[in-house]
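Peer 1: Here you go, entry.cif (mmCIF, N, CA and C atoms):
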```cif
data_target
loop_
_atom_site.label_atom_id
_atom_site.label_comp_id
_atom_site.auth_asym_id
_atom_site.auth_seq_id
_atom_site.Cartn_x
_atom_site.Cartn_y
_atom_site.Cartn_z
N ALA Q 1 8.53 5.10 -9.51
CA ALA Q 1 9.96 5.34 -9.36
C ALA Q 1 10.76 4.28 -10.09
N GLY Q 2 10.09 3.40 -10.81
CA GLY Q 2 10.78 2.37 -11.57
C GLY Q 2 10.93 1.06 -10.84
N ASP Q 3 10.50 0.97 -9.58
CA ASP Q 3 10.57 -0.29 -8.86
C ASP Q 3 9.55 -1.27 -9.41
N VAL Q 4 9.92 -2.55 -9.41
CA VAL Q 4 9.01 -3.63 -9.79
C VAL Q 4 8.93 -4.60 -8.62
N VAL Q 5 7.74 -4.77 -8.06
CA VAL Q 5 7.54 -5.71 -6.96
C VAL Q 5 7.25 -7.08 -7.57
N ARG Q 6 8.13 -8.01 -7.35
CA ARG Q 6 8.00 -9.35 -7.93
C ARG Q 6 7.01 -10.20 -7.13
N ALA Q 7 6.43 -11.17 -7.81
CA ALA Q 7 5.50 -12.11 -7.17
C ALA Q 7 6.21 -12.75 -5.99
N GLY Q 8 5.52 -12.82 -4.87
CA GLY Q 8 6.06 -13.44 -3.66
C GLY Q 8 6.79 -12.47 -2.75
N ALA Q 9 6.98 -11.23 -3.18
CA ALA Q 9 7.74 -10.27 -2.39
C ALA Q 9 7.09 -9.95 -1.05
N PHE Q 10 5.77 -10.09 -0.97
CA PHE Q 10 5.06 -9.77 0.27
C PHE Q 10 4.92 -10.97 1.21
N ALA Q 11 5.34 -12.16 0.79
CA ALA Q 11 5.05 -13.40 1.51
C ALA Q 11 5.42 -13.35 2.99
N ARG Q 12 6.64 -12.98 3.33
CA ARG Q 12 7.05 -12.96 4.75
C ARG Q 12 6.24 -11.96 5.56
N SER Q 13 6.01 -10.79 5.02
CA SER Q 13 5.22 -9.79 5.74
C SER Q 13 3.81 -10.30 5.99
N LEU Q 14 3.23 -10.96 5.01
CA LEU Q 14 1.86 -11.46 5.17
C LEU Q 14 1.80 -12.62 6.16
N MET Q 15 2.85 -13.43 6.21
CA MET Q 15 2.88 -14.53 7.19
C MET Q 15 2.95 -13.99 8.61
N ARG Q 16 3.67 -12.89 8.79
CA ARG Q 16 3.79 -12.31 10.12
C ARG Q 16 2.47 -11.70 10.57
N GLY Q 17 1.67 -11.27 9.61
CA GLY Q 17 0.31 -10.81 9.92
C GLY Q 17 0.23 -9.40 10.45
N ALA Q 18 0.07 -9.28 11.74
CA ALA Q 18 -0.20 -7.98 12.38
C ALA Q 18 0.96 -7.01 12.20
N GLY Q 19 0.66 -5.77 12.43
CA GLY Q 19 1.69 -4.76 12.42
C GLY Q 19 1.74 -3.89 11.18
N VAL Q 20 0.91 -4.15 10.21
CA VAL Q 20 0.87 -3.32 9.01
C VAL Q 20 -0.21 -2.27 9.22
N GLY Q 21 0.22 -1.03 9.37
CA GLY Q 21 -0.72 0.03 9.70
C GLY Q 21 -1.44 0.61 8.49
N MET Q 22 -2.59 1.22 8.77
CA MET Q 22 -3.32 2.00 7.77
C MET Q 22 -3.12 3.46 8.15
N LEU Q 23 -2.31 4.15 7.37
CA LEU Q 23 -2.03 5.55 7.65
C LEU Q 23 -2.70 6.45 6.62
N LEU Q 24 -2.75 7.72 6.96
CA LEU Q 24 -3.24 8.73 6.03
C LEU Q 24 -2.04 9.46 5.46
N GLN Q 25 -1.84 9.38 4.15
CA GLN Q 25 -0.78 10.10 3.43
C GLN Q 25 0.63 9.76 3.95
N HIS Q 26 0.86 8.54 4.42
CA HIS Q 26 2.18 8.08 4.90
C HIS Q 26 2.67 8.82 6.14
N LEU Q 27 1.81 9.51 6.84
CA LEU Q 27 2.24 10.27 8.00
C LEU Q 27 2.19 9.40 9.25
N GLY Q 28 3.35 9.14 9.83
CA GLY Q 28 3.44 8.34 11.04
C GLY Q 28 2.56 8.90 12.14
N GLY Q 29 1.89 8.02 12.85
CA GLY Q 29 1.01 8.44 13.93
C GLY Q 29 -0.36 8.87 13.48
N ARG Q 30 -0.60 8.90 12.16
CA ARG Q 30 -1.91 9.30 11.64
C ARG Q 30 -2.68 8.06 11.20
N THR Q 31 -3.07 7.24 12.15
CA THR Q 31 -3.80 6.01 11.86
C THR Q 31 -5.22 6.34 11.47
N ALA Q 32 -5.62 5.83 10.29
CA ALA Q 32 -6.95 6.12 9.75
C ALA Q 32 -7.93 4.98 9.96
N GLY Q 33 -7.44 3.83 10.35
CA GLY Q 33 -8.30 2.66 10.52
C GLY Q 33 -7.44 1.43 10.67
N ARG Q 34 -7.95 0.29 10.19
CA ARG Q 34 -7.18 -0.95 10.29
C ARG Q 34 -7.47 -1.84 9.10
N TRP Q 35 -6.46 -2.61 8.74
CA TRP Q 35 -6.59 -3.59 7.66
C TRP Q 35 -7.14 -4.87 8.25
N VAL Q 36 -8.17 -5.43 7.62
CA VAL Q 36 -8.78 -6.65 8.12
C VAL Q 36 -8.43 -7.86 7.26
N ALA Q 37 -7.93 -7.62 6.05
CA ALA Q 37 -7.50 -8.72 5.18
C ALA Q 37 -6.40 -8.22 4.25
N MET Q 38 -5.39 -9.06 4.06
CA MET Q 38 -4.31 -8.76 3.12
C MET Q 38 -3.89 -10.07 2.48
N ARG Q 39 -3.71 -10.02 1.16
CA ARG Q 39 -3.22 -11.21 0.48
C ARG Q 39 -2.57 -10.78 -0.83
N GLU Q 40 -1.65 -11.61 -1.27
CA GLU Q 40 -1.02 -11.38 -2.56
C GLU Q 40 -1.71 -12.28 -3.57
N ASP Q 41 -2.05 -11.70 -4.71
CA ASP Q 41 -2.69 -12.50 -5.76
C ASP Q 41 -1.95 -12.26 -7.07
N GLY Q 42 -2.51 -12.67 -8.17
CA GLY Q 42 -1.87 -12.55 -9.46
C GLY Q 42 -1.65 -11.12 -9.94
N ARG Q 43 -2.31 -10.16 -9.32
CA ARG Q 43 -2.15 -8.75 -9.72
C ARG Q 43 -1.29 -7.95 -8.76
N GLY Q 44 -1.09 -8.44 -7.55
CA GLY Q 44 -0.32 -7.69 -6.57
C GLY Q 44 -0.85 -7.90 -5.17
N LEU Q 45 -0.81 -6.86 -4.37
CA LEU Q 45 -1.27 -6.91 -2.99
C LEU Q 45 -2.72 -6.45 -2.93
N PHE Q 46 -3.58 -7.29 -2.36
CA PHE Q 46 -4.99 -6.94 -2.15
C PHE Q 46 -5.16 -6.66 -0.67
N VAL Q 47 -5.80 -5.55 -0.35
CA VAL Q 47 -6.09 -5.22 1.05
C VAL Q 47 -7.56 -4.86 1.19
N ARG Q 48 -8.09 -5.17 2.35
CA ARG Q 48 -9.45 -4.77 2.71
C ARG Q 48 -9.36 -4.18 4.11
N GLY Q 49 -9.96 -3.03 4.31
CA GLY Q 49 -9.84 -2.39 5.60
C GLY Q 49 -11.06 -1.61 6.00
N LEU Q 50 -11.00 -1.14 7.23
CA LEU Q 50 -12.07 -0.30 7.78
C LEU Q 50 -11.48 1.04 8.18
N VAL Q 51 -11.99 2.09 7.60
CA VAL Q 51 -11.62 3.44 7.99
C VAL Q 51 -12.61 3.84 9.07
N THR Q 52 -12.10 4.33 10.21
CA THR Q 52 -13.00 4.66 11.30
C THR Q 52 -12.83 6.12 11.71
N GLY Q 53 -13.84 6.65 12.34
CA GLY Q 53 -13.80 8.01 12.85
C GLY Q 53 -13.26 8.09 14.26
N GLU Q 54 -12.56 7.05 14.72
CA GLU Q 54 -12.03 7.00 16.08
C GLU Q 54 -10.80 7.88 16.27
N THR Q 55 -10.16 8.27 15.18
CA THR Q 55 -8.98 9.13 15.26
C THR Q 55 -9.20 10.35 14.36
N ALA Q 56 -8.39 11.38 14.59
CA ALA Q 56 -8.49 12.57 13.75
C ALA Q 56 -8.17 12.23 12.29
N ALA Q 57 -7.17 11.35 12.09
CA ALA Q 57 -6.81 10.95 10.72
C ALA Q 57 -7.95 10.16 10.07
N GLY Q 58 -8.61 9.31 10.84
CA GLY Q 58 -9.75 8.56 10.32
C GLY Q 58 -10.89 9.48 9.93
N GLN Q 59 -11.17 10.46 10.77
CA GLN Q 59 -12.22 11.44 10.46
C GLN Q 59 -11.88 12.22 9.20
N ALA Q 60 -10.61 12.63 9.07
CA ALA Q 60 -10.18 13.37 7.88
C ALA Q 60 -10.29 12.48 6.64
N ALA Q 61 -9.88 11.22 6.77
CA ALA Q 61 -9.96 10.29 5.63
C ALA Q 61 -11.41 10.09 5.21
N LEU Q 62 -12.31 9.88 6.16
CA LEU Q 62 -13.72 9.69 5.82
C LEU Q 62 -14.28 10.90 5.09
N LYS Q 63 -13.91 12.08 5.54
CA LYS Q 63 -14.38 13.30 4.89
C LYS Q 63 -13.86 13.37 3.45
N LEU Q 64 -12.56 13.12 3.27
CA LEU Q 64 -11.97 13.17 1.93
C LEU Q 64 -12.53 12.09 1.01
N ILE Q 65 -12.76 10.90 1.55
CA ILE Q 65 -13.36 9.83 0.75
C ILE Q 65 -14.76 10.25 0.30
N GLY Q 66 -15.54 10.79 1.23
CA GLY Q 66 -16.89 11.24 0.92
C GLY Q 66 -16.92 12.34 -0.13
N GLU Q 67 -15.89 13.16 -0.17
CA GLU Q 67 -15.80 14.25 -1.15
C GLU Q 67 -15.18 13.79 -2.46
N GLY Q 68 -14.77 12.53 -2.53
CA GLY Q 68 -14.15 12.01 -3.74
C GLY Q 68 -12.71 12.46 -3.94
N GLU Q 69 -12.07 12.95 -2.89
CA GLU Q 69 -10.71 13.48 -2.98
C GLU Q 69 -9.64 12.47 -2.57
N LEU Q 70 -10.03 11.31 -2.05
CA LEU Q 70 -9.07 10.32 -1.55
C LEU Q 70 -9.46 8.96 -2.08
N SER Q 71 -8.63 8.39 -2.95
CA SER Q 71 -8.95 7.06 -3.50
C SER Q 71 -7.71 6.25 -3.84
N GLY Q 72 -6.53 6.70 -3.40
CA GLY Q 72 -5.30 6.00 -3.74
C GLY Q 72 -4.74 5.20 -2.59
N LEU Q 73 -3.92 4.21 -2.93
CA LEU Q 73 -3.21 3.39 -1.95
C LEU Q 73 -1.72 3.43 -2.27
N SER Q 74 -0.91 3.39 -1.24
CA SER Q 74 0.54 3.42 -1.42
C SER Q 74 1.18 2.63 -0.29
N ILE Q 75 2.21 1.86 -0.61
CA ILE Q 75 2.85 1.03 0.40
C ILE Q 75 4.11 1.70 0.95
N GLY Q 76 4.32 1.52 2.23
CA GLY Q 76 5.55 1.92 2.90
C GLY Q 76 6.27 0.63 3.28
N PHE Q 77 7.53 0.50 2.89
CA PHE Q 77 8.22 -0.77 3.08
C PHE Q 77 9.72 -0.59 3.21
N ILE Q 78 10.38 -1.65 3.64
CA ILE Q 78 11.84 -1.75 3.64
C ILE Q 78 12.19 -2.84 2.65
N ALA Q 79 13.06 -2.53 1.69
CA ALA Q 79 13.51 -3.52 0.71
C ALA Q 79 14.50 -4.46 1.37
N ARG Q 80 14.19 -5.75 1.40
CA ARG Q 80 15.06 -6.74 2.03
C ARG Q 80 15.91 -7.50 1.01
N ASP Q 81 15.34 -7.81 -0.14
CA ASP Q 81 16.07 -8.53 -1.20
C ASP Q 81 15.71 -7.86 -2.52
N TRP Q 82 16.71 -7.25 -3.14
CA TRP Q 82 16.44 -6.51 -4.37
C TRP Q 82 17.71 -6.43 -5.21
N SER Q 83 17.53 -6.06 -6.44
CA SER Q 83 18.65 -5.79 -7.33
C SER Q 83 18.27 -4.59 -8.20
N ALA Q 84 19.30 -3.88 -8.66
CA ALA Q 84 19.06 -2.71 -9.50
C ALA Q 84 18.58 -3.17 -10.87
N ARG Q 85 17.65 -2.44 -11.44
CA ARG Q 85 17.22 -2.69 -12.81
C ARG Q 85 18.27 -2.07 -13.72
N HIS Q 86 18.56 -2.70 -14.83
CA HIS Q 86 19.65 -2.26 -15.70
C HIS Q 86 19.14 -1.47 -16.89
N PRO Q 87 19.73 -0.30 -17.14
CA PRO Q 87 19.31 0.54 -18.27
C PRO Q 87 19.36 -0.19 -19.61
N GLY Q 88 20.30 -1.09 -19.79
CA GLY Q 88 20.44 -1.82 -21.05
C GLY Q 88 19.29 -2.76 -21.32
N LEU Q 89 18.48 -3.04 -20.30
CA LEU Q 89 17.34 -3.94 -20.47
C LEU Q 89 16.04 -3.17 -20.64
N GLY Q 90 16.13 -1.89 -20.94
CA GLY Q 90 14.93 -1.09 -21.18
C GLY Q 90 14.39 -0.41 -19.93
N ALA Q 91 15.02 -0.62 -18.80
CA ALA Q 91 14.57 0.01 -17.56
C ALA Q 91 15.64 0.99 -17.10
N ALA Q 92 15.34 2.26 -17.12
CA ALA Q 92 16.35 3.28 -16.83
C ALA Q 92 16.62 3.45 -15.34
N ARG Q 93 15.75 2.97 -14.49
CA ARG Q 93 15.93 3.17 -13.06
C ARG Q 93 15.09 2.18 -12.28
N GLY Q 94 15.24 2.22 -10.98
CA GLY Q 94 14.42 1.39 -10.12
C GLY Q 94 15.09 0.09 -9.72
N ARG Q 95 14.31 -0.71 -9.00
CA ARG Q 95 14.80 -1.97 -8.45
C ARG Q 95 13.82 -3.09 -8.75
N ASP Q 96 14.35 -4.29 -8.85
CA ASP Q 96 13.52 -5.50 -8.83
C ASP Q 96 13.44 -5.90 -7.37
N LEU Q 97 12.27 -5.83 -6.79
CA LEU Q 97 12.07 -6.13 -5.38
C LEU Q 97 11.58 -7.56 -5.23
N ARG Q 98 12.42 -8.41 -4.64
CA ARG Q 98 12.06 -9.82 -4.46
C ARG Q 98 11.50 -10.10 -3.07
N GLU Q 99 11.91 -9.29 -2.09
CA GLU Q 99 11.34 -9.42 -0.76
C GLU Q 99 11.31 -8.05 -0.12
N ILE Q 100 10.14 -7.70 0.40
CA ILE Q 100 10.01 -6.43 1.10
C ILE Q 100 9.34 -6.67 2.44
N GLU Q 101 9.71 -5.84 3.39
CA GLU Q 101 9.05 -5.85 4.69
C GLU Q 101 8.01 -4.74 4.65
N LEU Q 102 6.77 -5.14 4.57
CA LEU Q 102 5.67 -4.19 4.47
C LEU Q 102 5.43 -3.55 5.83
N ARG Q 103 5.53 -2.23 5.90
CA ARG Q 103 5.36 -1.52 7.17
C ARG Q 103 3.98 -0.89 7.29
N GLU Q 104 3.48 -0.36 6.18
CA GLU Q 104 2.16 0.28 6.21
C GLU Q 104 1.61 0.38 4.80
N VAL Q 105 0.30 0.48 4.73
CA VAL Q 105 -0.39 0.78 3.48
C VAL Q 105 -1.20 2.04 3.77
N SER Q 106 -0.89 3.10 3.03
CA SER Q 106 -1.52 4.40 3.28
C SER Q 106 -2.64 4.69 2.30
N LEU Q 107 -3.60 5.42 2.80
CA LEU Q 107 -4.63 6.03 1.96
C LEU Q 107 -4.03 7.34 1.49
N VAL Q 108 -3.92 7.52 0.18
CA VAL Q 108 -3.24 8.70 -0.36
C VAL Q 108 -4.08 9.36 -1.46
N THR Q 109 -3.79 10.62 -1.68
CA THR Q 109 -4.46 11.36 -2.74
C THR Q 109 -3.90 10.98 -4.10
N TRP Q 110 -2.57 10.92 -4.20
CA TRP Q 110 -1.90 10.62 -5.48
C TRP Q 110 -0.95 9.45 -5.31
N PRO Q 111 -1.38 8.23 -5.63
CA PRO Q 111 -0.48 7.08 -5.52
C PRO Q 111 0.60 7.12 -6.60
N MET Q 112 1.78 6.60 -6.29
CA MET Q 112 2.85 6.55 -7.28
C MET Q 112 2.44 5.63 -8.43
N LEU Q 113 1.77 4.54 -8.11
CA LEU Q 113 1.25 3.62 -9.12
C LEU Q 113 -0.20 4.04 -9.40
N PRO Q 114 -0.48 4.62 -10.57
CA PRO Q 114 -1.82 5.18 -10.83
C PRO Q 114 -2.97 4.19 -10.62
N GLY Q 115 -2.74 2.90 -10.83
CA GLY Q 115 -3.81 1.92 -10.67
C GLY Q 115 -4.01 1.44 -9.24
N ALA Q 116 -3.23 1.93 -8.30
CA ALA Q 116 -3.36 1.52 -6.90
C ALA Q 116 -4.48 2.35 -6.26
N ARG Q 117 -5.68 1.87 -6.41
CA ARG Q 117 -6.87 2.61 -5.97
C ARG Q 117 -7.74 1.76 -5.07
N PHE Q 118 -8.59 2.41 -4.32
CA PHE Q 118 -9.58 1.70 -3.51
C PHE Q 118 -10.96 2.24 -3.82
N ALA Q 119 -11.93 1.46 -3.46
CA ALA Q 119 -13.32 1.86 -3.59
C ALA Q 119 -13.97 1.75 -2.22
N ALA Q 120 -14.76 2.73 -1.85
CA ALA Q 120 -15.47 2.71 -0.58
C ALA Q 120 -16.77 1.95 -0.76
N ALA Q 121 -17.09 1.14 0.22
CA ALA Q 121 -18.33 0.36 0.21
C ALA Q 121 -18.87 0.31 1.63
N GLY Q 122 -20.14 0.38 1.80
CA GLY Q 122 -20.72 0.27 3.13
C GLY Q 122 -20.29 1.39 4.06
N GLY Q 123 -20.13 2.56 3.53
CA GLY Q 123 -19.76 3.70 4.36
C GLY Q 123 -18.26 3.85 4.50
N ALA Q 124 -17.65 3.11 5.43
CA ALA Q 124 -16.24 3.34 5.73
C ALA Q 124 -15.32 2.20 5.29
N GLN Q 125 -15.84 1.24 4.60
CA GLN Q 125 -15.00 0.11 4.22
C GLN Q 125 -14.17 0.43 2.98
N VAL Q 126 -12.91 0.02 3.00
CA VAL Q 126 -11.99 0.30 1.91
C VAL Q 126 -11.43 -1.01 1.41
N ALA Q 127 -11.45 -1.24 0.11
CA ALA Q 127 -10.87 -2.45 -0.46
C ALA Q 127 -10.38 -2.17 -1.86
N ARG Q 128 -9.21 -2.68 -2.19
CA ARG Q 128 -8.72 -2.58 -3.56
C ARG Q 128 -7.28 -3.02 -3.64
N ARG Q 129 -6.59 -2.61 -4.65
CA ARG Q 129 -5.21 -3.00 -4.92
C ARG Q 129 -4.24 -1.97 -4.37
N ALA Q 130 -3.23 -2.46 -3.68
CA ALA Q 130 -2.20 -1.56 -3.15
C ALA Q 130 -0.96 -1.58 -4.00
N ALA Q 131 -0.67 -2.64 -4.65
CA ALA Q 131 0.52 -2.71 -5.51
C ALA Q 131 0.37 -3.81 -6.52
#
```
Could you render the structure from this file as structure tokens?
Peer 2:
Amino acid sequence: AGDVVRAGAFARSLMRGAGVGMLLQHLGGRTAGRWVAMREDGRGLFVRGLVTGETAAGQAALKLIGEGELSGLSIGFIARDWSARHPGLGAARGRDLREIELREVSLVTWPMLPGARFAAAGGAQVARRAA
């Protein structure tokens, strides 16, 4: 959508720790598992999580992952500090996001950022780049 997440934008959310859900396709109440590690690095947000069969969404996610139909990650957030990107600077739309409140990281079929993907390891473990 043209948004650019700047380095450090996740800092406050990561300091607060808990409360960032793992959802299936951004659907509230469809918890697919839990995130066990989150950190911001030189490429963006790194997450590691466990998808479990304890919920219907988790069971659906495991099935889709096993079929190779689910491999994307997408963030749900509230923009706290941002500015509009200016068309005159080569960016026709979007925002420069300096601080965001991370609410959830979803397992999705089609991420907005094509490189936001995860790889399954050890059965139900999910790890990769979210943004």
Peer 1: Just how far from atom N of Glu67 (chain Q) is atom C of Arg103 (chain Q), in Å to one decimal?
Peer 2: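 Atom-to-atom, atom C of Arg103 (chain Q) and atom N of Glu67 (chain Q) are spaced 25.5 Å apart.
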Peer 1: Pick the closest to Arg117 (chain Q) from Q:Gly49, Q:Gly72, Q:Gly44, Q:Gly2: which is it, counting all atoms listed in the file?
Peer 2: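 Of Q:Gly49, Q:Gly72, Q:Gly44, Q:Gly2, the one nearest Arg117 (chain Q), counting all atoms listed in the file, is Q:Gly72.
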Peer 1: Leaving out region 23-39 of chain Q and any residue of its chain fewer than 4 positions from it, which residues lie within 8 Å of it when counting all atoms listed in the file, given as a PyMOL selection string?
Peer 2: chain Q and resi 10+14+44-62+74-76+104-110
Peer 1: Just to confirm, what's the straight-line distance from atom C of Lys63 (chain Q) to atom N of Glu40 (chain Q) in Å (one decimal)?
Peer 2: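 These two atoms are separated by 28.2 Å.
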Peer 1: As a check of understanding, name the residues that the PyMOL selection byres (((chain Q and resi 101 and name CA) around 10) and name CA) selects in the supplied structure, as an NGL selection string.
Peer 2: :Q and (9-14 or 16 or 20 or 76-81 or 99-100 or 102-104)
Peer 1: Those same residues, written as a PDB file, in the frame of the given file with N, CA and C atoms?
Peer 2:
```pdb
ATOM      1  N   ALA Q   9       6.980 -11.230  -3.180  1.00  0.00           N
ATOM      2  CA  ALA Q   9       7.740 -10.270  -2.390  1.00  0.00           C
ATOM      3  C   ALA Q   9       7.090  -9.950  -1.050  1.00  0.00           C
ATOM      4  N   PHE Q  10       5.770 -10.090  -0.970  1.00  0.00           N
ATOM      5  CA  PHE Q  10       5.060  -9.770   0.270  1.00  0.00           C
ATOM      6  C   PHE Q  10       4.920 -10.970   1.210  1.00  0.00           C
ATOM      7  N   ALA Q  11       5.340 -12.160   0.790  1.00  0.00           N
ATOM      8  CA  ALA Q  11       5.050 -13.400   1.510  1.00  0.00           C
ATOM      9  C   ALA Q  11       5.420 -13.350   2.990  1.00  0.00           C
ATOM     10  N   ARG Q  12       6.640 -12.980   3.330  1.00  0.00           N
ATOM     11  CA  ARG Q  12       7.050 -12.960   4.750  1.00  0.00           C
ATOM     12  C   ARG Q  12       6.240 -11.960   5.560  1.00  0.00           C
ATOM     13  N   SER Q  13       6.010 -10.790   5.020  1.00  0.00           N
ATOM     14  CA  SER Q  13       5.220  -9.790   5.740  1.00  0.00           C
ATOM     15  C   SER Q  13       3.810 -10.300   5.990  1.00  0.00           C
ATOM     16  N   LEU Q  14       3.230 -10.960   5.010  1.00  0.00           N
ATOM     17  CA  LEU Q  14       1.860 -11.460   5.170  1.00  0.00           C
ATOM     18  C   LEU Q  14       1.800 -12.620   6.160  1.00  0.00           C
ATOM     19  N   ARG Q  16       3.670 -12.890   8.790  1.00  0.00           N
ATOM     20  CA  ARG Q  16       3.790 -12.310  10.120  1.00  0.00           C
ATOM     21  C   ARG Q  16       2.470 -11.700  10.570  1.00  0.00           C
ATOM     22  N   VAL Q  20       0.910  -4.150  10.210  1.00  0.00           N
ATOM     23  CA  VAL Q  20       0.870  -3.320   9.010  1.00  0.00           C
ATOM     24  C   VAL Q  20      -0.210  -2.270   9.220  1.00  0.00           C
ATOM     25  N   GLY Q  76       4.320   1.520   2.230  1.00  0.00           N
ATOM     26  CA  GLY Q  76       5.550   1.920   2.900  1.00  0.00           C
ATOM     27  C   GLY Q  76       6.270   0.630   3.280  1.00  0.00           C
ATOM     28  N   PHE Q  77       7.530   0.500   2.890  1.00  0.00           N
ATOM     29  CA  PHE Q  77       8.220  -0.770   3.080  1.00  0.00           C
ATOM     30  C   PHE Q  77       9.720  -0.590   3.210  1.00  0.00           C
ATOM     31  N   ILE Q  78      10.380  -1.650   3.640  1.00  0.00           N
ATOM     32  CA  ILE Q  78      11.840  -1.750   3.640  1.00  0.00           C
ATOM     33  C   ILE Q  78      12.190  -2.840   2.650  1.00  0.00           C
ATOM     34  N   ALA Q  79      13.060  -2.530   1.690  1.00  0.00           N
ATOM     35  CA  ALA Q  79      13.510  -3.520   0.710  1.00  0.00           C
ATOM     36  C   ALA Q  79      14.500  -4.460   1.370  1.00  0.00           C
ATOM     37  N   ARG Q  80      14.190  -5.750   1.400  1.00  0.00           N
ATOM     38  CA  ARG Q  80      15.060  -6.740   2.030  1.00  0.00           C
ATOM     39  C   ARG Q  80      15.910  -7.500   1.010  1.00  0.00           C
ATOM     40  N   ASP Q  81      15.340  -7.810  -0.140  1.00  0.00           N
ATOM     41  CA  ASP Q  81      16.070  -8.530  -1.200  1.00  0.00           C
ATOM     42  C   ASP Q  81      15.710  -7.860  -2.520  1.00  0.00           C
ATOM     43  N   GLU Q  99      11.910  -9.290  -2.090  1.00  0.00           N
ATOM     44  CA  GLU Q  99      11.340  -9.420  -0.760  1.00  0.00           C
ATOM     45  C   GLU Q  99      11.310  -8.050  -0.120  1.00  0.00           C
ATOM     46  N   ILE Q 100      10.140  -7.700   0.400  1.00  0.00           N
ATOM     47  CA  ILE Q 100      10.010  -6.430   1.100  1.00  0.00           C
ATOM     48  C   ILE Q 100       9.340  -6.670   2.440  1.00  0.00           C
ATOM     49  N   LEU Q 102       6.770  -5.140   4.570  1.00  0.00           N
ATOM     50  CA  LEU Q 102       5.670  -4.190   4.470  1.00  0.00           C
ATOM     51  C   LEU Q 102       5.430  -3.550   5.830  1.00  0.00           C
ATOM     52  N   ARG Q 103       5.530  -2.230   5.900  1.00  0.00           N
ATOM     53  CA  ARG Q 103       5.360  -1.520   7.170  1.00  0.00           C
ATOM     54  C   ARG Q 103       3.980  -0.890   7.290  1.00  0.00           C
ATOM     55  N   GLU Q 104       3.480  -0.360   6.180  1.00  0.00           N
ATOM     56  CA  GLU Q 104       2.160   0.280   6.210  1.00  0.00           C
ATOM     57  C   GLU Q 104       1.610   0.380   4.800  1.00  0.00           C
TER      58      GLU Q 104
END
```
Peer 1: Assign secondary structure with DSSP using the backbone only, and return the residues of region 12-109 of chain Q in strand (DSSP E) as a VMD selection string.
Peer 2: chain Q and resid 21 to 24 31 to 41 44 to 51 72 to 84 95 to 108
Peer 1: Hey, what does DSSP flag as helix (DSSP H, G or I) within chain Q? Can you give it to me as a PyMOL selection string?
Peer 2: chain Q and resi 11-16+56-66+87-89
Peer 1: Quick one, how far is CA of Gly94 (chain Q) from CA of Met15 (chain Q)?
Peer 2: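 The value is 26.2 Å.
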Peer 1: Just need the box for region 31-42 of chain Q, edges along x, y and z, holding every atom the file lists for it with 6 Å tacked onto each side, so centre and edge lengths in Å to one decimal, as JSON.
Peer 2:
```
{"center_x": -4.9, "center_y": -2.7, "center_z": 1.1, "size_x": 19.8, "size_y": 31.9, "size_z": 34.1}
```
Peer 1: With the file shown as input, list the residues that the PyMOL selection byres ((chain Q and resi 85) around 5) selects, as a PDB file with N, CA and C atoms, in the coordinates of the input.
Peer 2:
```
ATOM      1  N   SER Q  83      17.530  -6.060  -6.440  1.00  0.00           N
ATOM      2  CA  SER Q  83      18.650  -5.790  -7.330  1.00  0.00           C
ATOM      3  C   SER Q  83      18.270  -4.590  -8.200  1.00  0.00           C
ATOM      4  N   ALA Q  84      19.300  -3.880  -8.660  1.00  0.00           N
ATOM      5  CA  ALA Q  84      19.060  -2.710  -9.500  1.00  0.00           C
ATOM      6  C   ALA Q  84      18.580  -3.170 -10.870  1.00  0.00           C
ATOM      7  N   HIS Q  86      18.560  -2.700 -14.830  1.00  0.00           N
ATOM      8  CA  HIS Q  86      19.650  -2.260 -15.700  1.00  0.00           C
ATOM      9  C   HIS Q  86      19.140  -1.470 -16.890  1.00  0.00           C
ATOM     10  N   PRO Q  87      19.730  -0.300 -17.140  1.00  0.00           N
ATOM     11  CA  PRO Q  87      19.310   0.540 -18.270  1.00  0.00           C
ATOM     12  C   PRO Q  87      19.360  -0.190 -19.610  1.00  0.00           C
ATOM     13  N   GLY Q  94      15.240   2.220 -10.980  1.00  0.00           N
ATOM     14  CA  GLY Q  94      14.420   1.390 -10.120  1.00  0.00           C
ATOM     15  C   GLY Q  94      15.090   0.090  -9.720  1.00  0.00           C
ATOM     16  N   ARG Q  95      14.310  -0.710  -9.000  1.00  0.00           N
ATOM     17  CA  ARG Q  95      14.800  -1.970  -8.450  1.00  0.00           C
ATOM     18  C   ARG Q  95      13.820  -3.090  -8.750  1.00  0.00           C
ATOM     19  N   ASP Q  96      14.350  -4.290  -8.850  1.00  0.00           N
ATOM     20  CA  ASP Q  96      13.520  -5.500  -8.830  1.00  0.00           C
ATOM     21  C   ASP Q  96      13.440  -5.900  -7.370  1.00  0.00           C
TER      22      ASP Q  96
END
```
